[in-house]
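Asker: As input, take target.txt (compact mmCIF, C-alpha atoms and all ligand atoms):
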# COMPACT_ATOMS: atom_id res chain seq x y z
CA MET J 59 94.73 94.72 217.92
CA ILE J 60 97.14 95.43 215.06
CA ALA J 61 96.99 98.37 212.67
CA LEU J 62 98.87 97.91 209.41
CA VAL J 63 100.32 101.04 207.85
CA ARG J 64 102.76 101.74 205.02
CA ARG J 65 105.16 104.64 204.88
CA PRO J 66 104.62 107.07 202.02
CA SER J 67 106.76 106.66 198.92
CA SER J 68 109.03 109.62 198.14
CA ARG J 69 107.07 109.65 194.85
CA LEU J 70 103.79 110.36 196.71
CA ALA J 71 103.21 113.57 194.72
CA ASP J 72 102.82 111.42 191.58
CA GLY J 73 99.80 109.67 193.10
CA LEU J 74 96.60 109.33 191.11
CA VAL J 75 93.83 111.93 191.22
CA THR J 76 90.49 111.25 189.53
CA HIS J 77 87.61 113.39 190.81
CA ILE J 78 89.55 116.43 192.01
CA ASP J 79 92.12 118.79 190.52
CA ARG J 80 95.76 118.03 191.20
CA THR J 81 97.41 120.38 193.71
CA PRO J 82 101.04 120.41 194.88
CA VAL J 83 101.80 117.84 197.60
CA ASP J 84 104.38 118.63 200.27
CA VAL J 85 105.99 115.21 200.67
CA GLU J 86 108.01 116.18 203.75
CA LEU J 87 104.82 117.40 205.45
CA ALA J 88 103.08 114.19 204.36
CA MET J 89 105.79 112.14 206.06
CA ARG J 90 105.26 114.08 209.30
CA GLN J 91 101.49 113.73 209.01
CA HIS J 92 101.89 110.00 208.52
CA ASP J 93 104.04 109.79 211.67
CA ALA J 94 101.29 111.62 213.59
CA TYR J 95 98.67 109.26 212.14
CA ARG J 96 100.66 106.26 213.35
CA GLN J 97 101.05 107.88 216.76
CA ALA J 98 97.29 108.46 217.00
CA LEU J 99 96.65 104.75 216.34
CA SER J 100 99.26 103.80 218.92
CA ASP J 101 97.84 106.23 221.50
CA ALA J 102 94.44 104.60 220.94
CA GLY J 103 95.92 101.24 221.91
CA TRP J 104 96.70 99.75 218.52
CA GLU J 105 99.97 97.93 217.80
CA VAL J 106 101.18 99.67 214.63
CA ARG J 107 102.87 97.28 212.20
CA ASP J 108 104.65 98.41 209.02
CA VAL J 109 103.91 96.82 205.70
CA PRO J 110 107.15 96.98 203.69
CA ALA J 111 107.33 100.27 201.81
CA ALA J 112 106.75 100.23 198.06
CA GLU J 113 108.94 103.10 196.92
CA ASP J 114 108.10 102.61 193.24
CA HIS J 115 104.36 102.98 193.88
CA PRO J 116 103.32 106.59 194.63
CA ASP J 117 99.94 105.53 196.09
CA SER J 118 101.27 102.66 198.23
CA VAL J 119 100.71 104.61 201.47
CA PHE J 120 96.97 103.99 200.87
CA ILE J 121 97.38 100.47 202.19
CA GLU J 122 93.63 99.96 202.65
CA ASP J 123 93.21 99.49 198.91
CA ALA J 124 95.70 96.62 198.64
CA LEU J 125 94.43 94.40 201.44
CA VAL J 126 91.04 93.53 202.93
CA VAL J 127 91.16 91.63 206.23
CA CYS J 128 88.09 89.82 207.55
CA ALA J 129 88.46 87.54 210.57
CA ASP J 130 91.52 85.36 209.82
CA LEU J 131 91.40 85.95 206.06
CA ALA J 132 93.58 88.43 204.18
CA ILE J 133 92.29 89.20 200.69
CA LEU J 134 94.90 90.66 198.37
CA THR J 135 93.06 92.93 196.02
CA ARG J 136 93.37 93.54 192.27
CA SER J 137 93.03 97.29 191.95
CA GLY J 138 90.82 98.83 189.29
CA ALA J 139 93.82 101.09 188.70
CA PRO J 140 96.38 98.93 186.86
CA GLU J 141 99.29 101.09 188.05
CA ARG J 142 98.44 100.14 191.66
CA ARG J 143 98.41 96.35 191.23
CA GLY J 144 102.04 95.91 192.24
CA GLU J 145 101.31 97.18 195.74
CA THR J 146 100.00 93.85 197.04
CA ALA J 147 103.41 92.11 197.23
CA GLY J 148 104.49 93.66 200.52
CA ALA J 149 100.99 93.36 201.92
CA GLU J 150 101.01 89.60 201.32
CA GLU J 151 104.33 89.27 203.15
CA THR J 152 102.96 91.02 206.24
CA ALA J 153 99.66 89.11 206.14
CA ARG J 154 101.58 85.83 206.16
CA GLU J 155 103.74 87.02 209.06
CA LEU J 156 100.51 87.66 210.98
CA GLY J 157 99.40 84.08 210.29
CA LEU J 158 96.40 85.15 208.23
CA ARG J 159 95.00 82.90 205.51
CA ILE J 160 95.66 84.38 202.07
CA ALA J 161 93.21 84.79 199.18
CA ARG J 162 93.30 87.10 196.22
CA ILE J 163 90.98 88.72 193.73
CA GLU J 164 91.72 87.21 190.31
CA GLU J 165 91.41 88.60 186.76
CA PRO J 166 88.93 89.77 185.38
CA GLY J 167 87.76 90.82 188.85
CA THR J 168 88.91 94.17 190.19
CA LEU J 169 88.48 95.51 193.71
CA ASP J 170 89.99 98.26 195.87
CA GLY J 171 89.79 97.94 199.63
CA GLY J 172 88.47 101.50 199.76
CA ASP J 173 85.27 100.07 198.31
CA VAL J 174 84.79 97.61 201.19
CA LEU J 175 82.99 98.79 204.35
CA GLN J 176 82.63 96.13 207.02
CA VAL J 177 79.86 96.71 209.60
CA GLY J 178 79.36 93.69 211.84
CA ASP J 179 78.52 90.70 209.63
CA THR J 180 77.54 92.91 206.71
CA VAL J 181 80.12 93.90 204.11
CA TYR J 182 79.03 96.84 201.95
CA VAL J 183 80.95 97.05 198.68
CA GLY J 184 80.94 99.90 196.22
CA ARG J 185 80.67 99.05 192.55
CA GLY J 186 82.33 101.73 190.48
CA GLY J 187 85.58 102.81 188.87
CA ARG J 188 87.82 100.54 190.91
CA THR J 189 85.60 97.57 191.77
CA ASN J 190 83.66 95.58 189.17
CA ALA J 191 80.87 92.99 189.36
CA GLU J 192 83.31 90.09 189.08
CA GLY J 193 85.35 91.47 191.95
CA ILE J 194 82.21 91.68 194.07
CA GLN J 195 81.25 88.11 193.19
CA GLN J 196 84.70 86.89 194.23
CA LEU J 197 84.50 88.86 197.47
CA ARG J 198 81.12 87.30 198.23
CA ALA J 199 82.47 83.80 197.54
CA LEU J 200 85.37 84.44 199.93
CA LEU J 201 83.36 86.04 202.74
CA SER J 202 80.09 84.08 202.73
CA PRO J 203 81.83 81.08 204.39
CA LEU J 204 82.80 83.50 207.18
CA GLY J 205 79.15 84.33 207.78
CA ARG J 206 79.33 87.69 206.03
CA THR J 207 76.60 89.15 203.82
CA VAL J 208 78.01 91.18 200.94
CA VAL J 209 75.76 94.11 199.93
CA PRO J 210 76.68 96.03 196.76
CA LEU J 211 76.12 99.81 196.63
CA ARG J 212 76.74 102.34 193.87
CA PRO J 213 78.55 105.45 195.10
CA GLN J 214 78.32 108.31 192.58
CA GLY J 215 81.05 110.74 191.63
CA VAL J 216 83.60 109.60 194.19
CA LEU J 217 86.67 107.40 194.07
CA HIS J 218 85.54 104.69 196.53
CA LEU J 219 82.52 103.72 198.61
CA LYS J 220 84.34 104.91 201.72
CA SER J 221 84.92 108.28 200.09
CA ALA J 222 81.14 108.66 200.43
CA VAL J 223 80.22 106.76 203.58
CA THR J 224 81.68 105.05 206.65
CA ALA J 225 80.16 103.66 209.85
CA LEU J 226 80.27 104.80 213.45
CA PRO J 227 80.74 102.28 216.30
CA ASP J 228 76.96 102.31 216.89
CA GLY J 229 76.31 101.05 213.35
CA THR J 230 74.96 104.34 212.02
CA PHE J 231 76.54 105.86 208.93
CA LEU J 232 78.11 109.19 208.05
CA ALA J 233 77.39 110.53 204.54
CA LEU J 234 76.57 113.78 202.71
CA GLY J 235 73.06 112.50 202.10
CA GLU J 236 70.82 109.42 202.15
CA ILE J 237 72.25 106.40 200.33
CA ALA J 238 69.97 103.87 198.63
CA GLY J 239 70.30 100.57 200.48
CA LEU J 240 71.43 102.12 203.77
CA SER J 241 69.31 103.05 206.79
CA GLY J 242 70.58 105.03 209.76
CA VAL J 243 72.55 107.67 207.88
CA ARG J 244 73.66 110.73 209.89
CA VAL J 245 73.94 113.44 207.22
CA VAL J 246 77.06 115.61 207.47
CA ASP J 247 77.76 118.84 205.56
CA GLU J 248 81.45 118.36 204.79
CA GLU J 249 83.02 115.63 202.67
CA PRO J 250 85.82 114.72 205.14
CA GLY J 251 83.07 114.30 207.74
CA CYS J 252 82.01 111.09 205.93
CA HIS J 253 85.20 109.31 206.97
CA VAL J 254 85.92 107.81 210.38
CA VAL J 255 88.03 104.89 211.57
CA PRO J 256 86.45 103.10 214.57
CA LEU J 257 89.28 102.71 217.09
CA GLY J 258 87.40 100.58 219.63
CA GLY J 259 84.64 101.46 222.04
CA ASP J 260 83.19 104.86 221.25
CA GLU J 261 86.45 106.29 219.88
CA VAL J 262 86.91 107.27 216.24
CA LEU J 263 89.72 108.75 214.16
CA ILE J 264 88.66 111.72 212.02
CA SER J 265 90.35 114.26 209.77
CA ALA J 266 91.22 117.76 210.97
CA SER J 267 89.41 118.90 207.79
CA ALA J 268 86.11 117.77 209.38
CA VAL J 269 85.93 120.28 212.21
CA ARG J 270 82.13 120.57 212.39
CA THR J 271 81.58 116.81 212.17
CA ALA J 272 84.16 116.15 214.90
CA GLU J 273 82.26 118.56 217.18
CA GLU J 274 78.92 116.93 216.33
CA LEU J 275 80.32 113.47 217.08
CA ALA J 276 81.71 114.69 220.41
CA ASP J 277 78.25 116.11 221.22
CA LEU J 278 76.82 112.65 220.46
CA GLY J 279 79.22 111.13 223.01
CA PHE J 280 81.87 109.72 220.68
CA ARG J 281 85.52 110.26 221.54
CA THR J 282 87.21 111.83 218.54
CA ARG J 283 90.90 111.58 217.78
CA VAL J 284 91.77 114.19 215.14
CA VAL J 285 94.59 113.88 212.60
CA ASP J 286 95.75 116.32 209.93
CA ILE J 287 96.03 114.42 206.65
CA SER J 288 95.85 117.40 204.28
CA GLU J 289 98.58 116.11 201.93
CA PHE J 290 96.83 112.76 201.52
CA GLU J 291 93.46 114.44 200.96
CA LYS J 292 95.06 116.22 197.99
CA LEU J 293 95.36 112.72 196.44
CA GLU J 294 91.77 111.72 197.30
CA GLY J 295 92.88 109.89 200.43
CA CYS J 296 91.04 109.92 203.74
CA VAL J 297 91.55 108.59 207.27
CA THR J 298 90.41 105.06 206.40
CA CYS J 299 92.85 104.48 203.56
CA LEU J 300 96.06 104.90 205.54
CA SER J 301 95.61 101.76 207.66
CA VAL J 302 94.17 98.25 207.78
CA LEU J 303 92.87 97.19 211.20
CA VAL J 304 93.45 93.53 212.12
CA ARG J 305 91.48 92.67 215.27
N1 LIG J 401 90.81 103.94 200.24
C1 LIG J 401 91.12 105.15 199.77
O1 LIG J 401 90.49 106.16 200.08
N2 LIG J 401 92.15 105.24 198.91
C2 LIG J 401 92.60 106.48 198.36
C3 LIG J 401 93.42 106.22 197.14
C4 LIG J 401 93.92 107.51 196.51
C5 LIG J 401 94.85 107.25 195.34
N3 LIG J 401 95.44 108.52 194.90
C6 LIG J 401 94.12 106.57 194.17
O2 LIG J 401 93.55 107.32 193.37
O3 LIG J 401 94.10 105.34 194.12
So, in terms of structure tokens, how does the structure I just supplied come out?

Answerer:
Amino acid sequence: MIALVRRPSSRLADGLVTHIDRTPVDVELAMRQHDAYRQALSDAGWEVRDVPAAEDHPDSVFIEDALVVCADLAILTRSGAPERRGETAGAEETARELGLRIARIEEPGTLDGGDVLQVGDTVYVGRGGRTNAEGIQQLRALLSPLGRTVVPLRPQGVLHLKSAVTALPDGTFLALGEIAGLSGVRVVDEEPGCHVVPLGGDEVLISASAVRTAEELADLGFRTRVVDISEFEKLEGCVTCLSVLVR
């Protein structure tokens, strides 16, 4: 079990913000928070592997958006944000080192990995600001041969699908409300409570900003591993976007 991560660029504070107001980012604190995030993955039994840093790309720490891994296939994305498209170079290098097959989303398709939620053999994909219909069609063509069913959804008012919804190990979903096309949604009352990373078994990684949701999940019998990612949340990041899990 390998978790790919990418160290923050020193230019992190120049990262994109779309749906929230920009607030000052403490880059030194972000570096420490990223170290703690890596440690949490390692403590949960994951081998943490570094994708080469991309110093010139402020948002490169959000490695999830550059690379989608499904079975033995690594899909290099083509971000809907043109300034992020250079981030895939280092991701390709690491994917090849891991022996993964390589595919890529081609123009005019666009897709961010933050729009791709894999739950068993179903791959939910958010169509919106970063992922277009052509990108979804290419994703479907790449994943159907792997036995995956690609289901498009339309998240509203958020950066990515996984800004609005993620899945628990039991296949239920966490979201601020019901989502057309999804059944089994556990409604939470805080935005960071929509984001978990399944770490194996009944363990999930969740943000320290989601205190109430972490308690609710513990009450439900999930083991929660809490990480403070405040500086990344200021740039519309969440716990899913700082890693790519390769099982
Ligand atoms: N998968 C994710 O949640 N990615 C977060 C990306 C945040 C970055 N500032 C961006 O706007 O692209």

Asker: Which chains and residue numbers are within 9 Å of ligand LIG 401 (chain J), counting only C-alpha atoms and all ligand atoms, if I want them as a VMD selection string?

Answerer: chain J and resid 70 72 to 77 116 to 124 137 to 139 142 170 to 174 188 217 to 221 290 to 300

Asker: What's around Asp108 of chain J at 8 Å? Count only C-alpha atoms, leave out sequence neighbours fewer than 3 positions away in its own chain, and write the answer as a list in words.

Answerer: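 Counting only the stated atoms, we get Leu62, Val63, Arg64, Arg65 and Ala111 of chain J.
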
Asker: Output C-alpha atoms for every residue in the selection just made, as a compact mmCIF listing (two decimals), in the frame of the given file.

Answerer:
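result.txt was written with the following content:
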# COMPACT_ATOMS: atom_id res chain seq x y z
CA LEU J 62 98.87 97.91 209.41
CA VAL J 63 100.32 101.04 207.85
CA ARG J 64 102.76 101.74 205.02
CA ARG J 65 105.16 104.64 204.88
CA ALA J 111 107.33 100.27 201.81

Asker: I'd like the contact shell of Phe280 of chain J - 10 Å cut-off, only C-alpha atoms, skipping same-chain residues fewer than 6 positions apart - returned as a short mmCIF file (atom, residue, chain, number, x, y, z; two decimals) with C-alpha atoms, in the coordinates of the input.

Answerer:
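Generated output (around_4.cif):
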data_model
loop_
_atom_site.label_atom_id
_atom_site.label_comp_id
_atom_site.auth_asym_id
_atom_site.auth_seq_id
_atom_site.Cartn_x
_atom_site.Cartn_y
_atom_site.Cartn_z
CA LEU J 226 80.27 104.80 213.45
CA PRO J 227 80.74 102.28 216.30
CA ASP J 228 76.96 102.31 216.89
CA GLY J 259 84.64 101.46 222.04
CA ASP J 260 83.19 104.86 221.25
CA GLU J 261 86.45 106.29 219.88
CA VAL J 262 86.91 107.27 216.24
CA ALA J 272 84.16 116.15 214.90
CA GLU J 273 82.26 118.56 217.18
CA GLU J 274 78.92 116.93 216.33
#

Asker: Please measure the separation of atom CA of Val255 of chain J and atom CA of Leu125 of chain J, giving the value in Å to one decimal.

Answerer: 15.9 Å

Asker: Using all atoms listed in the file, what does the table of segment 173-214 of chain J residues within 12 Å of segment 144-162 of chain J look like, with each row giving the shortest atom pair and its distance in Å to one decimal, sorted by chain and ascending number, as a tab-separated table?

Answerer:
residue	atom	partner	partner_atom	distance
J:Gly193	CA	J:Arg162	CA	10.0
J:Gln196	CA	J:Arg162	CA	8.8
J:Leu197	CA	J:Arg162	CA	9.1
J:Ala199	CA	J:Ala161	CA	10.9
J:Leu200	CA	J:Ala161	CA	7.9
J:Leu201	CA	J:Ala161	CA	10.5

Asker: Nearest to Arg244 of chain J: which of J:Thr224, J:Thr81, J:Thr230, J:Gln195 is it, counting all atoms listed in the file?

Answerer: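 Of the candidates, the smallest distance to Arg244 of chain J is held by J:Thr230.
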
Asker: Pick the closest to Trp104 of chain J from J:Thr207, J:Asn190, J:Gln214, J:Ser301: which is it, counting only C-alpha atoms?

Answerer: J:Ser301

Asker: Quick check, in Å to one decimal: how far apart do atom CA of Leu240 of chain J and atom CA of Thr282 of chain J lie?

Answerer: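 It comes out at 23.7 Å.
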
Asker: Do you have the atom CA of Val109 of chain J-atom CA of Ser202 of chain J distance handy?

Answerer: 27.2 Å

Asker: I want to know what sits within 12 Å of Asp179 of chain J, based on all atoms listed in the file, with residues of the same chain fewer than 3 positions away left out; could you give that as a ChimeraX atom specification?

Answerer: /J:128-129,175-176,182,201-209,229
